[in-house]
Amino acid sequence: MLAVDKLHAWYGRSHVVQGISLEVKAGEIVTLMGRNGAGKTTTLRTVMGLVARRAGSVRFDGAEILSEPPHRRFRRGLGYVPEDRRIVPGLSVRENLRLGLLASPRLREEQRLIERIAGTFPRLKERIDQDGTSLSGGEQQMLAIARAMMSEPKMILLDEPSEGIMPVLVDEMFALFRKMKESGTTILLVEQNVERALAISDRAYIMDHGEIVFHDSAANLIANQEIQERYCSI
Amino acid sequence: MADVNLFLLQLFTGLALGSVYVLLATGLSLIFGMLTVVSFAHGAFFMVGAYIGVYQYGVTGNFWISLVVVPLVVGTVGLLTERFLVRPLYGRGIDYPLLLTFGLSYVLIEIVRIFFGVQGIPISTPEGLRGAVNIGVGHFPLYRLFLIVATAVVVGGLWLFIERTRFGLIIRAGARDPEIVRVLGIDISRVWLLVFGLGTAIAGLSGILAAPIRAVTPEMGIPVLVESFVVTVVGGMGSLAGAVVAGLLVGVVFSLTSLYAPAFAETSIFALMALVLLVRPQGLLGRAGLMG
């Protein structure tokens, strides 16, 4: 589904991603782990097309997309939920969800899709006409995920979805990721909550200083305390 | 009683004057809020709109056609300006497009001088909008009343467009967070193009609407640009509601000062701006830190 090869990315002069290669197969959940500043967020942003200075190769669904703008990648079926949720202020929950559909051929089915999302996220349904930013942090995160799922992407990039969220909601969220996988969505997850993330993942990559330093199946990594402590403890 | 009526009449005059500011500031604010481009060519687009409209009016004798043709033509000029002049400058800092549009305004002024001469052209008040009507406190020129109504229609239409349509949703979201709009599949550069065209079309429309109450000369856009910036600053950069409130306020302040202290009329709007900036640096309805 996604094949990243010798990818480099820069912010200004700093060389944040230094030649990483990783792969996510269709139907997998793959976690990208590592300390703060390791380059995980920049990796996701580069895959989504939001980093101007980059080199290497990003193939999605068989096509080279490295130099495509973000909206083209979206239309290929690549979804992205950024780190800080980015619920647009001044827009209601419904409008935020609609935003996720505007560029999708399914725009006409808006009512049905919103109903379906409301089934998955009852909290959002109750607050459908409230300002999106009036929701709690966890609800905003759910909204950000729901917004990205409106167009039913083939693959979704999730950046630290559990950050700053109540434990109850975190459980709900990881259950949701599992459900998304079951319904065929491929997921690349960046997560600090290593234990939780590995529990639902097929494989994991560990990044440090802009490089991939370790890669194994999630099951093996769960057993490998030494690696976890070396690269992921804060 | 006579004094009160005079005051009220002058208030209406201020609203008519303010209507032109409202339209200009709306376009400026729309463009700034979305593209973070400060368009110094806005006054020149206003002037070009007046010229095209007056010329068209002269040819066909029908003023109403101008109200359709002018926004289309000036809007197209705006589209071309964004596509070929402003777009290459994105990502370079706010001063690049500012200097470019400043230069463009002088190019437009020269082009108009070449075609229409330096001394300006006359326009008579359109038939059907001449004369005055009794508005209860006295007789008020019909054309100025029309100006207020036309502005209300344009602003109301724009409001519906922004609040009720899909493209309007993109504008609202894109002005706050362009990146999220991009990752949700929207080609933001197309949105910027259309918004620049729309803002410019409104500038052109305000030019032809203002033509019967102002002298149509190649330089007519220069003071208007300064006044529109006063309005956008008072209202808050990027705020459409702010543009409406501040436009009317500036028009009324100007016209009431001309009644009671004519010598200070020109200065009064700058005094108003200074006052607003002291109390609310982000403008009446602007968001703090927009420029940061």
# chains A, B, ... in the order shown; residues from 1 in each chain; ligands from 1

call {"tool": "residues_around", "arguments": {"residues": "Gly43 in chain B", "least_positions_apart": "6", "cutoff": "8 Å", "atoms": "only C-alpha atoms", "output": "list in words"}}
result
Ser105, Ala203, Met220, Gly221, Ile222, Pro223, Val224 and Leu225 of chain B

call {"tool": "interface_residues", "arguments": {"of": "chain A", "to": "chain B", "cutoff": "6 Å", "atoms": "only C-alpha atoms", "output": "list in words"}}
result
Pro70, His71, Phe74, Gly100 and Ala103 of chain A

call {"tool": "write_last_selection", "arguments": {"atoms": "N, CA, C and O atoms", "output": "compact mmCIF listing (two decimals), in the first residue's frame"}}
result
# COMPACT_ATOMS: atom_id res chain seq x y z
N PRO A 70 -0.72 17.74 -1.52
CA PRO A 70 -1.53 16.94 -0.57
C PRO A 70 -2.92 16.59 -1.11
O PRO A 70 -3.39 15.47 -0.87
N HIS A 71 -3.58 17.51 -1.83
CA HIS A 71 -4.95 17.21 -2.23
C HIS A 71 -5.01 16.05 -3.22
O HIS A 71 -5.96 15.30 -3.24
N PHE A 74 -4.75 12.90 -1.14
CA PHE A 74 -6.06 12.63 -0.53
C PHE A 74 -6.95 11.91 -1.53
O PHE A 74 -7.62 10.94 -1.21
N GLY A 100 -14.53 17.07 5.45
CA GLY A 100 -13.85 15.83 5.08
C GLY A 100 -14.44 15.17 3.85
O GLY A 100 -13.88 14.21 3.32
N ALA A 103 -14.10 17.05 -1.03
CA ALA A 103 -13.34 16.65 -2.22
C ALA A 103 -13.62 15.21 -2.60
O ALA A 103 -12.95 14.65 -3.45

call {"tool": "closest_residue", "arguments": {"among": "A:Leu50, A:Leu158, A:Val190, A:Ala55", "to": "Val17 in chain A", "atoms": "only C-alpha atoms"}}
result
A:Ala55

call {"tool": "residues_around", "arguments": {"residues": "range 217-229 of chain A", "least_positions_apart": "2", "cutoff": "9 Å", "atoms": "only C-alpha atoms", "output": "ChimeraX atom specification"}}
result
/A:30-31,34,194-195,197-206,214-215,231-234

call {"tool": "write_last_selection", "arguments": {"atoms": "N, CA, C and O atoms", "output": "compact mmCIF listing (two decimals), in the first residue's frame"}}
result
# COMPACT_ATOMS: atom_id res chain seq x y z
N VAL A 30 0.66 -0.44 11.17
CA VAL A 30 2.09 -0.35 11.45
C VAL A 30 2.31 0.87 12.34
O VAL A 30 1.74 1.94 12.09
N THR A 31 3.11 0.68 13.39
CA THR A 31 3.39 1.80 14.29
C THR A 31 4.80 2.31 14.06
O THR A 31 5.74 1.53 13.86
N GLY A 34 9.37 6.05 18.68
CA GLY A 34 10.63 6.77 18.90
C GLY A 34 10.40 7.97 19.78
O GLY A 34 9.26 8.36 20.03
N VAL A 194 3.34 3.26 23.67
CA VAL A 194 3.95 2.13 22.97
C VAL A 194 3.18 0.83 23.21
O VAL A 194 2.87 0.09 22.27
N GLU A 195 2.85 0.58 24.46
CA GLU A 195 2.21 -0.68 24.82
C GLU A 195 0.89 -0.86 24.06
O GLU A 195 0.63 -1.89 23.45
N ALA A 197 -0.15 0.77 21.42
CA ALA A 197 0.02 0.75 19.97
C ALA A 197 0.48 -0.63 19.50
O ALA A 197 -0.05 -1.18 18.53
N LEU A 198 1.45 -1.21 20.21
CA LEU A 198 1.96 -2.51 19.79
C LEU A 198 0.88 -3.58 19.89
O LEU A 198 0.84 -4.51 19.08
N ALA A 199 -0.01 -3.43 20.88
CA ALA A 199 -1.06 -4.43 21.08
C ALA A 199 -1.98 -4.56 19.87
O ALA A 199 -2.54 -5.62 19.63
N ILE A 200 -2.14 -3.48 19.10
CA ILE A 200 -3.03 -3.58 17.94
C ILE A 200 -2.28 -3.63 16.62
O ILE A 200 -2.88 -3.77 15.56
N SER A 201 -0.93 -3.49 16.67
CA SER A 201 -0.16 -3.38 15.43
C SER A 201 0.29 -4.73 14.90
O SER A 201 0.40 -5.71 15.65
N ASP A 202 0.56 -4.78 13.61
CA ASP A 202 1.18 -5.95 13.01
C ASP A 202 2.70 -5.84 13.12
O ASP A 202 3.37 -6.79 13.48
N ARG A 203 3.20 -4.66 12.77
CA ARG A 203 4.65 -4.46 12.81
C ARG A 203 4.94 -3.08 13.35
O ARG A 203 4.03 -2.25 13.47
N ALA A 204 6.21 -2.82 13.65
CA ALA A 204 6.59 -1.50 14.14
C ALA A 204 7.99 -1.13 13.67
O ALA A 204 8.84 -2.01 13.48
N TYR A 205 8.17 0.15 13.44
CA TYR A 205 9.48 0.70 13.13
C TYR A 205 9.85 1.64 14.26
O TYR A 205 8.99 2.32 14.82
N ILE A 206 11.14 1.68 14.60
CA ILE A 206 11.59 2.64 15.62
C ILE A 206 12.52 3.65 14.96
O ILE A 206 13.45 3.28 14.24
N PHE A 214 15.34 0.35 14.06
CA PHE A 214 14.90 -1.01 14.41
C PHE A 214 13.57 -1.27 13.74
O PHE A 214 12.77 -0.37 13.55
N HIS A 215 13.36 -2.54 13.41
CA HIS A 215 12.12 -2.88 12.73
C HIS A 215 11.83 -4.35 13.01
O HIS A 215 12.69 -5.21 12.84
N TYR A 231 15.04 3.08 23.00
CA TYR A 231 14.62 4.08 22.02
C TYR A 231 13.31 4.79 22.35
O TYR A 231 13.00 5.82 21.75
N CYS A 232 12.53 4.21 23.23
CA CYS A 232 11.21 4.80 23.40
C CYS A 232 10.95 5.38 24.77
O CYS A 232 9.98 6.10 24.95
N SER A 233 11.80 5.10 25.76
CA SER A 233 11.52 5.68 27.08
C SER A 233 11.86 7.17 27.02
O SER A 233 12.77 7.59 26.33
N ILE A 234 11.09 7.92 27.80
CA ILE A 234 11.21 9.38 27.65
C ILE A 234 12.24 9.96 28.64
O ILE A 234 12.52 9.39 29.66

call {"tool": "closest_residue", "arguments": {"among": "A:Glu172, A:Asp131, A:Glu182, A:Asp84", "to": "Glu28 in chain A", "atoms": "only C-alpha atoms"}}
result
A:Glu182

call {"tool": "closest_residue", "arguments": {"among": "B:Leu209, B:Leu108, B:Val234, B:Leu285", "to": "Val20 in chain B", "atoms": "only C-alpha atoms"}}
result
B:Leu209

call {"tool": "residues_around", "arguments": {"residues": "range 36-46 of chain A", "least_positions_apart": "6", "cutoff": "6 Å", "atoms": "only C-alpha atoms", "output": "PDB file with N, CA, C and O atoms, in the first residue's frame"}}
result
ATOM      1  N   VAL A  16      15.785  16.599   9.012  1.00  0.00           N
ATOM      2  CA  VAL A  16      14.983  15.932  10.042  1.00  0.00           C
ATOM      3  C   VAL A  16      14.800  14.446   9.750  1.00  0.00           C
ATOM      4  O   VAL A  16      14.876  13.610  10.640  1.00  0.00           O
ATOM      5  N   VAL A  17      14.564  14.110   8.497  1.00  0.00           N
ATOM      6  CA  VAL A  17      14.402  12.703   8.123  1.00  0.00           C
ATOM      7  C   VAL A  17      15.568  12.340   7.204  1.00  0.00           C
ATOM      8  O   VAL A  17      15.776  12.986   6.184  1.00  0.00           O
ATOM      9  N   MET A 207      12.221   4.927  15.188  1.00  0.00           N
ATOM     10  CA  MET A 207      13.041   5.999  14.622  1.00  0.00           C
ATOM     11  C   MET A 207      13.858   6.659  15.711  1.00  0.00           C
ATOM     12  O   MET A 207      13.398   6.800  16.843  1.00  0.00           O
ATOM     13  N   ASP A 208      15.072   7.057  15.350  1.00  0.00           N
ATOM     14  CA  ASP A 208      15.903   7.826  16.260  1.00  0.00           C
ATOM     15  C   ASP A 208      16.789   8.746  15.427  1.00  0.00           C
ATOM     16  O   ASP A 208      17.387   8.307  14.454  1.00  0.00           O
ATOM     17  N   HIS A 209      16.853  10.001  15.807  1.00  0.00           N
ATOM     18  CA  HIS A 209      17.667  10.978  15.072  1.00  0.00           C
ATOM     19  C   HIS A 209      17.453  10.924  13.565  1.00  0.00           C
ATOM     20  O   HIS A 209      18.415  10.954  12.799  1.00  0.00           O
ATOM     21  N   GLY A 210      16.222  10.800  13.151  1.00  0.00           N
ATOM     22  CA  GLY A 210      15.926  10.877  11.728  1.00  0.00           C
ATOM     23  C   GLY A 210      16.147   9.597  10.950  1.00  0.00           C
ATOM     24  O   GLY A 210      16.019   9.584   9.735  1.00  0.00           O
TER      25      GLY A 210
END

call {"tool": "residues_around", "arguments": {"residues": "Met47 in chain B", "least_positions_apart": "2", "cutoff": "12 Å", "atoms": "only C-alpha atoms", "output": "compact mmCIF listing (two decimals) with all heavy atoms, in the first residue's frame"}}
result
# COMPACT_ATOMS: atom_id res chain seq x y z
N LEU B 24 -15.49 47.90 -0.66
CA LEU B 24 -14.05 47.83 -0.88
C LEU B 24 -13.37 47.03 0.22
O LEU B 24 -12.53 46.17 -0.04
CB LEU B 24 -13.47 49.25 -0.90
CG LEU B 24 -13.65 49.98 -2.23
CD1 LEU B 24 -13.50 51.47 -2.04
CD2 LEU B 24 -12.64 49.45 -3.24
N ALA B 41 -3.42 46.99 -5.04
CA ALA B 41 -4.02 47.33 -6.33
C ALA B 41 -5.53 47.47 -6.21
O ALA B 41 -6.21 47.72 -7.19
CB ALA B 41 -3.67 46.26 -7.37
N HIS B 42 -6.04 47.32 -4.99
CA HIS B 42 -7.48 47.34 -4.80
C HIS B 42 -8.12 48.64 -5.28
O HIS B 42 -9.18 48.64 -5.90
CB HIS B 42 -7.81 47.08 -3.33
CG HIS B 42 -9.07 46.30 -3.13
ND1 HIS B 42 -9.22 45.00 -3.52
CD2 HIS B 42 -10.25 46.66 -2.58
CE1 HIS B 42 -10.43 44.59 -3.22
NE2 HIS B 42 -11.08 45.58 -2.65
N GLY B 43 -7.47 49.75 -4.97
CA GLY B 43 -7.97 51.06 -5.41
C GLY B 43 -7.94 51.17 -6.93
O GLY B 43 -8.84 51.76 -7.54
N ALA B 44 -6.91 50.60 -7.55
CA ALA B 44 -6.81 50.66 -9.00
C ALA B 44 -7.89 49.80 -9.65
O ALA B 44 -8.46 50.17 -10.68
CB ALA B 44 -5.42 50.22 -9.46
N PHE B 45 -8.20 48.65 -9.05
CA PHE B 45 -9.29 47.81 -9.57
C PHE B 45 -10.63 48.56 -9.46
O PHE B 45 -11.48 48.45 -10.35
CB PHE B 45 -9.36 46.48 -8.83
CG PHE B 45 -8.20 45.55 -9.13
CD1 PHE B 45 -7.52 44.91 -8.11
CD2 PHE B 45 -7.81 45.30 -10.44
CE1 PHE B 45 -6.46 44.06 -8.38
CE2 PHE B 45 -6.76 44.45 -10.73
CZ PHE B 45 -6.08 43.83 -9.69
N GLY B 49 -12.85 49.50 -12.61
CA GLY B 49 -14.28 49.18 -12.62
C GLY B 49 -15.12 50.38 -13.00
O GLY B 49 -16.05 50.28 -13.82
N ALA B 50 -14.78 51.54 -12.43
CA ALA B 50 -15.52 52.75 -12.75
C ALA B 50 -15.39 53.07 -14.24
O ALA B 50 -16.38 53.36 -14.92
CB ALA B 50 -15.00 53.92 -11.90
N TYR B 51 -14.17 52.99 -14.78
CA TYR B 51 -13.96 53.33 -16.19
C TYR B 51 -14.69 52.37 -17.13
O TYR B 51 -15.37 52.79 -18.07
CB TYR B 51 -12.45 53.34 -16.52
CG TYR B 51 -11.88 54.73 -16.38
CD1 TYR B 51 -11.37 55.17 -15.16
CD2 TYR B 51 -11.88 55.62 -17.45
CE1 TYR B 51 -10.86 56.44 -15.03
CE2 TYR B 51 -11.38 56.90 -17.32
CZ TYR B 51 -10.87 57.31 -16.11
OH TYR B 51 -10.38 58.58 -15.98
N ILE B 52 -14.54 51.08 -16.86
CA ILE B 52 -15.21 50.11 -17.73
C ILE B 52 -16.71 50.31 -17.68
O ILE B 52 -17.41 50.29 -18.70
CB ILE B 52 -14.84 48.66 -17.33
CG1 ILE B 52 -13.35 48.41 -17.63
CG2 ILE B 52 -15.69 47.64 -18.08
CD1 ILE B 52 -12.84 47.10 -17.10
N GLY B 53 -17.22 50.55 -16.47
CA GLY B 53 -18.66 50.74 -16.29
C GLY B 53 -19.16 51.98 -17.01
O GLY B 53 -20.19 51.95 -17.70
N VAL B 54 -18.44 53.09 -16.84
CA VAL B 54 -18.85 54.34 -17.47
C VAL B 54 -18.78 54.20 -18.99
O VAL B 54 -19.67 54.64 -19.73
CB VAL B 54 -17.98 55.52 -16.98
CG1 VAL B 54 -18.27 56.78 -17.80
CG2 VAL B 54 -18.23 55.77 -15.50
N VAL B 70 -19.03 44.81 -15.33
CA VAL B 70 -17.85 45.27 -14.59
C VAL B 70 -17.27 44.20 -13.66
O VAL B 70 -16.07 43.89 -13.73
CB VAL B 70 -18.15 46.59 -13.83
CG1 VAL B 70 -17.06 46.89 -12.81
CG2 VAL B 70 -18.29 47.73 -14.82
N VAL B 74 -13.49 42.96 -14.37
CA VAL B 74 -12.48 43.26 -13.36
C VAL B 74 -12.11 41.98 -12.59
O VAL B 74 -10.95 41.76 -12.26
CB VAL B 74 -12.96 44.38 -12.41
CG1 VAL B 74 -11.89 44.68 -11.35
CG2 VAL B 74 -13.27 45.64 -13.20
N SER B 105 -0.82 48.79 -9.46
CA SER B 105 -1.81 49.87 -9.43
C SER B 105 -1.36 51.03 -10.32
O SER B 105 -2.16 51.61 -11.03
CB SER B 105 -2.07 50.32 -8.00
OG SER B 105 -0.95 51.01 -7.49
N TYR B 106 -0.05 51.32 -10.33
CA TYR B 106 0.42 52.41 -11.19
C TYR B 106 0.39 52.03 -12.67
O TYR B 106 0.14 52.87 -13.53
CB TYR B 106 1.82 52.88 -10.74
CG TYR B 106 1.67 53.76 -9.53
CD1 TYR B 106 1.74 53.25 -8.24
CD2 TYR B 106 1.35 55.12 -9.69
CE1 TYR B 106 1.53 54.05 -7.14
CE2 TYR B 106 1.13 55.92 -8.59
CZ TYR B 106 1.23 55.39 -7.31
OH TYR B 106 0.99 56.19 -6.23
N LEU B 108 -1.87 50.06 -13.97
CA LEU B 108 -3.28 50.17 -14.36
C LEU B 108 -3.67 51.64 -14.57
O LEU B 108 -4.38 51.99 -15.51
CB LEU B 108 -4.18 49.52 -13.31
CG LEU B 108 -4.09 47.98 -13.22
CD1 LEU B 108 -4.87 47.46 -12.03
CD2 LEU B 108 -4.60 47.34 -14.50
N ILE B 109 -3.17 52.51 -13.69
CA ILE B 109 -3.48 53.93 -13.82
C ILE B 109 -2.94 54.46 -15.16
O ILE B 109 -3.64 55.17 -15.90
CB ILE B 109 -2.88 54.73 -12.64
CG1 ILE B 109 -3.67 54.42 -11.37
CG2 ILE B 109 -2.89 56.24 -12.93
CD1 ILE B 109 -3.06 54.99 -10.10
N GLU B 110 -1.71 54.06 -15.51
CA GLU B 110 -1.13 54.52 -16.78
C GLU B 110 -1.92 53.99 -17.98
O GLU B 110 -2.14 54.71 -18.95
CB GLU B 110 0.34 54.09 -16.89
CG GLU B 110 1.31 54.94 -16.08
CD GLU B 110 1.18 56.45 -16.38
OE1 GLU B 110 0.93 56.82 -17.55
OE2 GLU B 110 1.29 57.23 -15.43
N ILE B 111 -2.32 52.73 -17.89
CA ILE B 111 -3.08 52.14 -19.01
C ILE B 111 -4.37 52.93 -19.22
O ILE B 111 -4.74 53.29 -20.35
CB ILE B 111 -3.38 50.65 -18.74
CG1 ILE B 111 -2.08 49.84 -18.82
CG2 ILE B 111 -4.40 50.12 -19.76
CD1 ILE B 111 -2.24 48.38 -18.44
N VAL B 112 -5.05 53.25 -18.13
CA VAL B 112 -6.29 54.01 -18.25
C VAL B 112 -6.03 55.41 -18.81
O VAL B 112 -6.77 55.92 -19.64
CB VAL B 112 -7.02 54.06 -16.88
CG1 VAL B 112 -8.13 55.10 -16.90
CG2 VAL B 112 -7.59 52.69 -16.54
N ARG B 113 -4.92 56.03 -18.38
CA ARG B 113 -4.56 57.35 -18.92
C ARG B 113 -4.36 57.28 -20.43
O ARG B 113 -4.76 58.17 -21.17
CB ARG B 113 -3.27 57.86 -18.27
CG ARG B 113 -3.51 58.46 -16.89
CD ARG B 113 -2.19 58.92 -16.29
NE ARG B 113 -2.37 59.46 -14.95
CZ ARG B 113 -1.44 59.41 -14.01
NH1 ARG B 113 -0.26 58.87 -14.27
NH2 ARG B 113 -1.68 59.93 -12.83
N GLY B 120 -10.06 62.63 -16.76
CA GLY B 120 -11.27 62.03 -16.19
C GLY B 120 -12.44 62.12 -17.15
O GLY B 120 -12.42 62.87 -18.13
N ILE B 121 -13.46 61.30 -16.89
CA ILE B 121 -14.62 61.29 -17.78
C ILE B 121 -15.89 61.51 -16.97
O ILE B 121 -15.97 61.12 -15.81
CB ILE B 121 -14.71 59.97 -18.58
CG1 ILE B 121 -14.69 58.75 -17.63
CG2 ILE B 121 -13.61 59.87 -19.60
CD1 ILE B 121 -14.95 57.44 -18.33
N THR B 200 -11.57 41.09 -6.09
CA THR B 200 -11.29 42.09 -7.11
C THR B 200 -12.57 42.47 -7.86
O THR B 200 -12.80 43.65 -8.16
CB THR B 200 -10.26 41.53 -8.10
OG1 THR B 200 -9.13 41.07 -7.35
CG2 THR B 200 -9.81 42.57 -9.08
N ALA B 201 -13.42 41.49 -8.13
CA ALA B 201 -14.69 41.77 -8.80
C ALA B 201 -15.53 42.73 -7.96
O ALA B 201 -16.16 43.67 -8.49
CB ALA B 201 -15.45 40.47 -9.05
N ILE B 202 -15.53 42.53 -6.64
CA ILE B 202 -16.30 43.42 -5.77
C ILE B 202 -15.70 44.83 -5.79
O ILE B 202 -16.43 45.82 -5.77
CB ILE B 202 -16.36 42.86 -4.32
CG1 ILE B 202 -17.05 41.49 -4.32
CG2 ILE B 202 -17.12 43.82 -3.41
CD1 ILE B 202 -17.01 40.80 -2.98
N ALA B 203 -14.36 44.92 -5.86
CA ALA B 203 -13.72 46.24 -5.96
C ALA B 203 -14.18 46.94 -7.24
O ALA B 203 -14.51 48.14 -7.23
CB ALA B 203 -12.20 46.10 -5.94
N GLY B 204 -14.21 46.20 -8.34
CA GLY B 204 -14.66 46.78 -9.61
C GLY B 204 -16.10 47.24 -9.52
O GLY B 204 -16.45 48.35 -9.94
N LEU B 205 -16.94 46.40 -8.94
CA LEU B 205 -18.36 46.74 -8.79
C LEU B 205 -18.52 48.01 -7.95
O LEU B 205 -19.31 48.89 -8.29
CB LEU B 205 -19.11 45.58 -8.14
CG LEU B 205 -20.61 45.79 -7.91
CD1 LEU B 205 -21.34 45.91 -9.23
CD2 LEU B 205 -21.20 44.67 -7.07
N SER B 206 -17.75 48.11 -6.87
CA SER B 206 -17.87 49.32 -6.04
C SER B 206 -17.42 50.54 -6.82
O SER B 206 -17.92 51.64 -6.60
CB SER B 206 -17.12 49.16 -4.72
OG SER B 206 -15.78 48.85 -4.95
N GLY B 207 -16.48 50.35 -7.76
CA GLY B 207 -16.03 51.46 -8.60
C GLY B 207 -17.16 52.03 -9.44
O GLY B 207 -17.40 53.24 -9.45
N ILE B 208 -17.89 51.14 -10.13
CA ILE B 208 -18.97 51.66 -10.98
C ILE B 208 -20.13 52.17 -10.13
O ILE B 208 -20.79 53.15 -10.47
CB ILE B 208 -19.42 50.62 -12.04
CG1 ILE B 208 -20.56 51.19 -12.90
CG2 ILE B 208 -19.85 49.31 -11.44
CD1 ILE B 208 -20.20 52.47 -13.64
N LEU B 209 -20.37 51.54 -8.99
CA LEU B 209 -21.44 52.02 -8.10
C LEU B 209 -21.11 53.42 -7.57
O LEU B 209 -21.99 54.27 -7.42
CB LEU B 209 -21.66 51.06 -6.94
CG LEU B 209 -22.45 49.79 -7.25
CD1 LEU B 209 -22.43 48.84 -6.06
CD2 LEU B 209 -23.90 50.12 -7.63
N ALA B 210 -19.83 53.66 -7.29
CA ALA B 210 -19.43 54.95 -6.71
C ALA B 210 -19.29 56.02 -7.78
O ALA B 210 -19.32 57.22 -7.46
CB ALA B 210 -18.11 54.79 -5.95
N ALA B 211 -19.14 55.60 -9.05
CA ALA B 211 -18.84 56.56 -10.12
C ALA B 211 -19.80 57.76 -10.15
O ALA B 211 -19.34 58.89 -10.26
CB ALA B 211 -18.80 55.84 -11.47
N ARG B 214 -18.80 60.23 -7.40
CA ARG B 214 -17.40 60.64 -7.29
C ARG B 214 -16.91 61.04 -8.69
O ARG B 214 -17.46 60.62 -9.68
CB ARG B 214 -16.52 59.49 -6.80
CG ARG B 214 -16.60 59.27 -5.31
CD ARG B 214 -15.81 58.03 -4.96
NE ARG B 214 -15.89 57.78 -3.52
CZ ARG B 214 -14.93 58.09 -2.66
NH1 ARG B 214 -13.81 58.66 -3.08
NH2 ARG B 214 -15.07 57.83 -1.38
N ALA B 215 -15.83 61.79 -8.74
CA ALA B 215 -15.26 62.12 -10.03
C ALA B 215 -14.50 60.90 -10.56
O ALA B 215 -13.75 60.27 -9.82
CB ALA B 215 -14.30 63.30 -9.89
N VAL B 216 -14.77 60.55 -11.84
CA VAL B 216 -14.08 59.39 -12.43
C VAL B 216 -12.79 59.87 -13.10
O VAL B 216 -12.81 60.42 -14.19
CB VAL B 216 -15.00 58.67 -13.43
CG1 VAL B 216 -14.29 57.48 -14.05
CG2 VAL B 216 -16.28 58.21 -12.73
N THR B 217 -11.68 59.66 -12.41
CA THR B 217 -10.37 60.02 -12.93
C THR B 217 -9.43 58.84 -12.75
O THR B 217 -9.72 57.95 -11.95
CB THR B 217 -9.77 61.22 -12.16
OG1 THR B 217 -9.45 60.78 -10.84
CG2 THR B 217 -10.74 62.39 -12.07
N PRO B 218 -8.31 58.85 -13.47
CA PRO B 218 -7.38 57.72 -13.31
C PRO B 218 -6.86 57.57 -11.88
O PRO B 218 -6.49 56.48 -11.46
CB PRO B 218 -6.24 58.06 -14.28
CG PRO B 218 -6.86 58.94 -15.30
CD PRO B 218 -7.90 59.75 -14.56
N GLU B 219 -6.84 58.68 -11.13
CA GLU B 219 -6.27 58.63 -9.77
C GLU B 219 -7.32 58.41 -8.69
O GLU B 219 -7.01 58.43 -7.50
CB GLU B 219 -5.52 59.93 -9.46
CG GLU B 219 -4.36 60.23 -10.38
CD GLU B 219 -4.82 60.82 -11.72
OE1 GLU B 219 -5.95 61.36 -11.76
OE2 GLU B 219 -4.07 60.71 -12.70
N MET B 220 -8.58 58.21 -9.09
CA MET B 220 -9.65 58.13 -8.10
C MET B 220 -9.47 57.01 -7.07
O MET B 220 -10.00 57.07 -5.97
CB MET B 220 -11.00 57.97 -8.79
CG MET B 220 -11.20 56.63 -9.46
SD MET B 220 -12.72 56.50 -10.46
CE MET B 220 -13.99 56.34 -9.22
N GLY B 221 -8.67 56.00 -7.45
CA GLY B 221 -8.51 54.87 -6.54
C GLY B 221 -7.51 55.11 -5.43
O GLY B 221 -7.47 54.36 -4.45
N ILE B 222 -6.69 56.15 -5.58
CA ILE B 222 -5.60 56.32 -4.61
C ILE B 222 -6.11 56.71 -3.21
O ILE B 222 -5.82 56.02 -2.24
CB ILE B 222 -4.54 57.31 -5.14
CG1 ILE B 222 -3.90 56.73 -6.41
CG2 ILE B 222 -3.47 57.58 -4.08
CD1 ILE B 222 -2.99 57.69 -7.16
N PRO B 223 -6.91 57.80 -3.12
CA PRO B 223 -7.44 58.10 -1.78
C PRO B 223 -8.36 57.00 -1.27
O PRO B 223 -8.39 56.70 -0.07
CB PRO B 223 -8.21 59.41 -1.97
CG PRO B 223 -8.47 59.51 -3.44
CD PRO B 223 -7.34 58.80 -4.11
N VAL B 224 -9.09 56.39 -2.19
CA VAL B 224 -10.03 55.34 -1.81
C VAL B 224 -9.30 54.14 -1.19
O VAL B 224 -9.76 53.54 -0.22
CB VAL B 224 -10.84 54.91 -3.06
CG1 VAL B 224 -11.48 53.56 -2.85
CG2 VAL B 224 -11.89 55.96 -3.37
N LEU B 225 -8.13 53.83 -1.74
CA LEU B 225 -7.34 52.72 -1.19
C LEU B 225 -6.95 53.02 0.25
O LEU B 225 -7.10 52.18 1.14
CB LEU B 225 -6.08 52.50 -2.04
CG LEU B 225 -5.15 51.41 -1.50
CD1 LEU B 225 -5.75 50.04 -1.73
CD2 LEU B 225 -3.78 51.49 -2.12

call {"tool": "select_by_dssp", "arguments": {"residues": "range 58-116 of chain A", "states": "strand (DSSP E or B)", "output": "list in words"}}
result
Val58, Arg59, Phe60, Ala63, Glu64, Leu78, Gly79, Tyr80, Val81 and Ser92 of chain A

call {"tool": "write_last_selection", "arguments": {"atoms": "C-alpha atoms", "output": "PDB file, in the first residue's frame"}}
result
ATOM      1  CA  VAL A  58       7.073   7.616  -1.641  1.00  0.00           C
ATOM      2  CA  ARG A  59       4.909   5.096  -3.453  1.00  0.00           C
ATOM      3  CA  PHE A  60       1.243   4.822  -2.592  1.00  0.00           C
ATOM      4  CA  ALA A  63       2.103   5.291  -7.863  1.00  0.00           C
ATOM      5  CA  GLU A  64       5.033   7.556  -7.080  1.00  0.00           C
ATOM      6  CA  LEU A  78      -4.639   8.710   1.687  1.00  0.00           C
ATOM      7  CA  GLY A  79      -6.057  10.224   4.881  1.00  0.00           C
ATOM      8  CA  TYR A  80      -4.175  12.155   7.525  1.00  0.00           C
ATOM      9  CA  VAL A  81      -4.984  13.167  11.092  1.00  0.00           C
ATOM     10  CA  SER A  92     -19.739  23.238  13.796  1.00  0.00           C
TER      11      SER A  92
END

call {"tool": "decode", "arguments": {"residues": "range 137-141 of chain A", "atoms": "C-alpha atoms", "output": "short mmCIF file (atom, residue, chain, number, x, y, z; two decimals), in the first residue's frame"}}
result
data_model
loop_
_atom_site.label_atom_id
_atom_site.label_comp_id
_atom_site.auth_asym_id
_atom_site.auth_seq_id
_atom_site.Cartn_x
_atom_site.Cartn_y
_atom_site.Cartn_z
CA GLY A 137 -9.81 17.17 23.83
CA GLY A 138 -10.80 13.54 23.38
CA GLU A 139 -13.97 14.40 21.50
CA GLN A 140 -12.01 16.73 19.24
CA GLN A 141 -9.62 13.89 18.49
#
